[in-house]
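Printed here is target.pdb (PDB, C-alpha atoms, pLDDT in the B column):
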```
ATOM      1  CA  LYS A   1      82.518  87.754  94.938  1.00 55.00           C
ATOM      2  CA  ASN A   2      84.242  86.625  91.771  1.00 62.00           C
ATOM      3  CA  LYS A   3      85.172  83.000  91.251  1.00 76.00           C
ATOM      4  CA  GLY A   4      88.432  83.828  89.513  1.00 74.00           C
ATOM      5  CA  GLY A   5      90.216  84.846  92.693  1.00 80.00           C
ATOM      6  CA  ILE A   6      93.484  86.698  92.413  1.00 80.00           C
ATOM      7  CA  ALA A   7      93.667  86.234  88.638  1.00 81.00           C
ATOM      8  CA  VAL A   8      90.477  88.243  88.147  1.00 83.00           C
ATOM      9  CA  ASP A   9      91.588  90.790  90.745  1.00 79.00           C
ATOM     10  CA  TYR A  10      94.801  91.287  88.761  1.00 79.00           C
ATOM     11  CA  LEU A  11      92.988  91.684  85.450  1.00 80.00           C
ATOM     12  CA  GLU A  12      90.543  94.170  86.954  1.00 81.00           C
ATOM     13  CA  ALA A  13      93.411  96.277  88.354  1.00 80.00           C
ATOM     14  CA  ARG A  14      95.442  96.276  85.140  1.00 83.00           C
ATOM     15  CA  THR A  15      94.940  99.268  82.879  1.00 82.00           C
ATOM     16  CA  TYR A  16      97.054 100.655  80.074  1.00 85.00           C
ATOM     17  CA  PRO A  17      96.560 104.398  79.551  1.00 91.00           C
ATOM     18  CA  GLY A  18      96.263 105.252  75.861  1.00 93.00           C
ATOM     19  CA  PRO A  19      99.463 107.334  75.633  1.00 95.00           C
ATOM     20  CA  ILE A  20     101.523 104.523  77.179  1.00 95.00           C
ATOM     21  CA  MET A  21     100.009 101.928  74.873  1.00 93.00           C
ATOM     22  CA  ASN A  22     100.659 104.168  71.873  1.00 96.00           C
ATOM     23  CA  ALA A  23     104.266 104.718  72.967  1.00 96.00           C
ATOM     24  CA  MET A  24     104.774 100.970  73.292  1.00 95.00           C
ATOM     25  CA  LEU A  25     103.389 100.376  69.801  1.00 96.00           C
ATOM     26  CA  VAL A  26     105.738 103.054  68.437  1.00 97.00           C
ATOM     27  CA  TYR A  27     108.636 101.418  70.297  1.00 97.00           C
ATOM     28  CA  MET A  28     107.787  98.044  68.797  1.00 97.00           C
ATOM     29  CA  GLY A  29     107.615  99.508  65.308  1.00 98.00           C
ATOM     30  CA  GLU A  30     110.759 101.614  65.504  1.00 98.00           C
ATOM     31  CA  GLU A  31     112.854  98.948  67.204  1.00 97.00           C
ATOM     32  CA  GLN A  32     111.266  96.030  65.353  1.00 97.00           C
ATOM     33  CA  ALA A  33     110.701  94.620  68.827  1.00 97.00           C
ATOM     34  CA  GLY A  34     108.649  91.553  69.589  1.00 96.00           C
ATOM     35  CA  GLY A  35     106.282  91.101  72.483  1.00 94.00           C
ATOM     36  CA  GLU A  36     108.933  89.922  74.937  1.00 95.00           C
ATOM     37  CA  ASP A  37     111.191  92.911  74.244  1.00 96.00           C
ATOM     38  CA  ALA A  38     108.237  95.279  74.492  1.00 95.00           C
ATOM     39  CA  ALA A  39     107.198  93.733  77.805  1.00 94.00           C
ATOM     40  CA  ILE A  40     110.683  94.243  79.242  1.00 96.00           C
ATOM     41  CA  GLU A  41     110.744  97.838  77.980  1.00 96.00           C
ATOM     42  CA  PHE A  42     107.324  98.432  79.537  1.00 96.00           C
ATOM     43  CA  LEU A  43     108.410  96.990  82.879  1.00 96.00           C
ATOM     44  CA  MET A  44     111.583  99.083  82.887  1.00 97.00           C
ATOM     45  CA  GLN A  45     109.866 102.338  81.898  1.00 96.00           C
ATOM     46  CA  HIS A  46     106.557 102.138  83.767  1.00 96.00           C
ATOM     47  CA  GLU A  47     107.191 100.676  87.206  1.00 96.00           C
ATOM     48  CA  ASP A  48     104.864 103.274  88.717  1.00 95.00           C
ATOM     49  CA  LEU A  49     102.002 101.744  86.742  1.00 93.00           C
ATOM     50  CA  TRP A  50     102.572  97.984  86.812  1.00 94.00           C
ATOM     51  CA  SER A  51     103.763  97.820  90.413  1.00 95.00           C
ATOM     52  CA  SER A  52     100.234  98.693  91.538  1.00 90.00           C
ATOM     53  CA  TRP A  53      98.949  95.570  89.759  1.00 88.00           C
ATOM     54  CA  VAL A  54     100.951  93.096  91.854  1.00 89.00           C
ATOM     55  CA  SER A  55     101.951  92.552  95.467  1.00 91.00           C
ATOM     56  CA  ALA A  56     105.026  94.315  96.836  1.00 95.00           C
ATOM     57  CA  ASP A  57     106.817  90.963  96.963  1.00 97.00           C
ATOM     58  CA  ALA A  58     106.007  90.216  93.325  1.00 94.00           C
ATOM     59  CA  ALA A  59     107.079  93.729  92.280  1.00 96.00           C
ATOM     60  CA  ALA A  60     110.427  93.275  94.030  1.00 97.00           C
ATOM     61  CA  LYS A  61     110.981  89.960  92.255  1.00 97.00           C
ATOM     62  CA  ILE A  62     110.073  91.448  88.885  1.00 96.00           C
ATOM     63  CA  LYS A  63     112.437  94.393  89.412  1.00 96.00           C
ATOM     64  CA  ALA A  64     115.224  92.037  90.463  1.00 97.00           C
ATOM     65  CA  GLY A  65     114.701  90.030  87.291  1.00 95.00           C
ATOM     66  CA  LEU A  66     115.077  93.030  85.033  1.00 93.00           C
TER      67      LEU A  66
END
```
Could you write out this file's structure as structure tokens?
Amino acid sequence: KNKGGIAVDYLEARTYPGPIMNAMLVYMGEEQAGGEDAAIEFLMQHEDLWSSWVSADAAAKIKAGL
């Protein structure tokens, strides 16, 4: 078992499909967006992806914060 606990579990579960990553890079370039803006855009546009990386409770809190 890993010694990193839930942090390692999260990192192992997190994947960014190439087309989504490319779209985010295009968004950042076209909108001259920084990392924080890109992160918010990603969270708003790709809930189906990121919500599988976190608990249901965490996903609900993230959605409420958007």
Expressed in Å to a single decimal, how great is the separation between CA of Ser52 (chain A) and CA of Tyr27 (chain A)?
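Atom-to-atom, CA of Ser52 (chain A) to CA of Tyr27 (chain A), that is 23.0 Å.
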For CA of Ala60 (chain A) and CA of Ile40 (chain A), the interatomic separation in Å (one decimal):
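Pair CA of Ala60 (chain A) / CA of Ile40 (chain A) returns 14.8 Å.
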Report as a list in words the full result of the PyMOL selection byres ((chain A and resi 15) around 9) when it is applied to this structure.
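Evaluating the PyMOL selection byres ((chain A and resi 15) around 9) on these coordinates yields Leu11, Glu12, Ala13, Arg14, Tyr16, Pro17, Leu49, Trp50 and Trp53 of chain A.
Within the 12 Å cut-off around Ala59 (chain A), using all atoms listed in the file and omitting residues fewer than 4 positions from it on the same chain, the listed residues are Leu43, Met44, His46, Glu47, Asp48, Leu49, Trp50, Ser51, Ser52, Trp53, Val54, Ser55, Lys63, Ala64, Gly65 and Leu66 of chain A.
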Generate the output file for the selected residues, C-alpha atoms, as a short mmCIF file (atom, residue, chain, number, x, y, z; two decimals), in the frame of the given file.
```
data_model
loop_
_atom_site.label_atom_id
_atom_site.label_comp_id
_atom_site.auth_asym_id
_atom_site.auth_seq_id
_atom_site.Cartn_x
_atom_site.Cartn_y
_atom_site.Cartn_z
CA LEU A 43 108.41 96.99 82.88
CA MET A 44 111.58 99.08 82.89
CA HIS A 46 106.56 102.14 83.77
CA GLU A 47 107.19 100.68 87.21
CA ASP A 48 104.86 103.27 88.72
CA LEU A 49 102.00 101.74 86.74
CA TRP A 50 102.57 97.98 86.81
CA SER A 51 103.76 97.82 90.41
CA SER A 52 100.23 98.69 91.54
CA TRP A 53 98.95 95.57 89.76
CA VAL A 54 100.95 93.10 91.85
CA SER A 55 101.95 92.55 95.47
CA LYS A 63 112.44 94.39 89.41
CA ALA A 64 115.22 92.04 90.46
CA GLY A 65 114.70 90.03 87.29
CA LEU A 66 115.08 93.03 85.03
#
```
Out of A:Lys3, A:Val8, A:Met21, A:Asp57, which residue has the shortest atom-to-atom distance to Ala39 (chain A) when counting all atoms listed in the file?
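Between A:Lys3, A:Val8, A:Met21, A:Asp57, the residue approaching Ala39 (chain A) most closely is A:Met21.
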Could you list as a PDB file with C-alpha atoms, in the coordinates of the input every residue that has an atom within 12 Å of (105.2, 92.8, 74.8), using the file's coordinates and counting all atoms listed in the file?
```pdb
ATOM      1  CA  MET A  21     100.009 101.928  74.873  1.00 93.00           C
ATOM      2  CA  MET A  24     104.774 100.970  73.292  1.00 95.00           C
ATOM      3  CA  LEU A  25     103.389 100.376  69.801  1.00 96.00           C
ATOM      4  CA  TYR A  27     108.636 101.418  70.297  1.00 97.00           C
ATOM      5  CA  MET A  28     107.787  98.044  68.797  1.00 97.00           C
ATOM      6  CA  GLY A  29     107.615  99.508  65.308  1.00 98.00           C
ATOM      7  CA  GLN A  32     111.266  96.030  65.353  1.00 97.00           C
ATOM      8  CA  ALA A  33     110.701  94.620  68.827  1.00 97.00           C
ATOM      9  CA  GLY A  34     108.649  91.553  69.589  1.00 96.00           C
ATOM     10  CA  GLY A  35     106.282  91.101  72.483  1.00 94.00           C
ATOM     11  CA  GLU A  36     108.933  89.922  74.937  1.00 95.00           C
ATOM     12  CA  ASP A  37     111.191  92.911  74.244  1.00 96.00           C
ATOM     13  CA  ALA A  38     108.237  95.279  74.492  1.00 95.00           C
ATOM     14  CA  ALA A  39     107.198  93.733  77.805  1.00 94.00           C
ATOM     15  CA  ILE A  40     110.683  94.243  79.242  1.00 96.00           C
ATOM     16  CA  GLU A  41     110.744  97.838  77.980  1.00 96.00           C
ATOM     17  CA  PHE A  42     107.324  98.432  79.537  1.00 96.00           C
ATOM     18  CA  LEU A  43     108.410  96.990  82.879  1.00 96.00           C
TER      19      LEU A  43
END
```
Once 3 Å is added on each side, what are the centre and the three edge lengths, in Å to one decimal, of the axis-aligned box enclosing the listed atoms of region 26-39 of chain A? Present them as AutoDock Vina command-line options.
```
--center_x 109.3 --center_y 96.5 --center_z 71.6 --size_x 13.1 --size_y 19.1 --size_z 18.5
```
Please complete region 2-16 of chain A so it has N, CA and C atoms, and hand it over as an mmCIF file, keeping the file's coordinate frame.
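The resulting file, selection02.cif, is shown below:
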```
data_model
loop_
_atom_site.group_PDB
_atom_site.id
_atom_site.type_symbol
_atom_site.label_atom_id
_atom_site.label_comp_id
_atom_site.auth_asym_id
_atom_site.auth_seq_id
_atom_site.Cartn_x
_atom_site.Cartn_y
_atom_site.Cartn_z
ATOM 1 N N ASN A 2 83.890 87.326 93.008
ATOM 2 C CA ASN A 2 84.242 86.625 91.771
ATOM 3 C C ASN A 2 84.816 85.248 92.061
ATOM 4 N N LYS A 3 84.667 84.365 91.099
ATOM 5 C CA LYS A 3 85.172 83.000 91.251
ATOM 6 C C LYS A 3 86.582 82.852 90.707
ATOM 7 N N GLY A 4 87.109 83.902 90.102
ATOM 8 C CA GLY A 4 88.432 83.828 89.513
ATOM 9 C C GLY A 4 89.553 84.131 90.484
ATOM 10 N N GLY A 5 89.207 84.581 91.676
ATOM 11 C CA GLY A 5 90.216 84.846 92.693
ATOM 12 C C GLY A 5 91.210 85.916 92.289
ATOM 13 N N ILE A 6 92.464 85.674 92.627
ATOM 14 C CA ILE A 6 93.484 86.698 92.413
ATOM 15 C C ILE A 6 93.737 86.969 90.931
ATOM 16 N N ALA A 7 93.475 85.998 90.076
ATOM 17 C CA ALA A 7 93.667 86.234 88.638
ATOM 18 C C ALA A 7 92.709 87.311 88.145
ATOM 19 N N VAL A 8 91.458 87.240 88.550
ATOM 20 C CA VAL A 8 90.477 88.243 88.147
ATOM 21 C C VAL A 8 90.794 89.573 88.812
ATOM 22 N N ASP A 9 91.204 89.551 90.064
ATOM 23 C CA ASP A 9 91.588 90.790 90.745
ATOM 24 C C ASP A 9 92.703 91.498 89.978
ATOM 25 N N TYR A 10 93.690 90.728 89.527
ATOM 26 C CA TYR A 10 94.801 91.287 88.761
ATOM 27 C C TYR A 10 94.302 91.909 87.457
ATOM 28 N N LEU A 11 93.476 91.178 86.731
ATOM 29 C CA LEU A 11 92.988 91.684 85.450
ATOM 30 C C LEU A 11 92.129 92.926 85.623
ATOM 31 N N GLU A 12 91.365 92.991 86.700
ATOM 32 C CA GLU A 12 90.543 94.170 86.954
ATOM 33 C C GLU A 12 91.397 95.382 87.301
ATOM 34 N N ALA A 13 92.538 95.176 87.948
ATOM 35 C CA ALA A 13 93.411 96.277 88.354
ATOM 36 C C ALA A 13 94.270 96.785 87.202
ATOM 37 N N ARG A 14 94.507 95.949 86.215
ATOM 38 C CA ARG A 14 95.442 96.276 85.140
ATOM 39 C C ARG A 14 94.785 97.191 84.119
ATOM 40 N N THR A 15 95.387 98.344 83.916
ATOM 41 C CA THR A 15 94.940 99.268 82.879
ATOM 42 C C THR A 15 96.162 99.811 82.156
ATOM 43 N N TYR A 16 95.998 100.059 80.883
ATOM 44 C CA TYR A 16 97.054 100.655 80.074
ATOM 45 C C TYR A 16 96.534 101.986 79.542
#
```
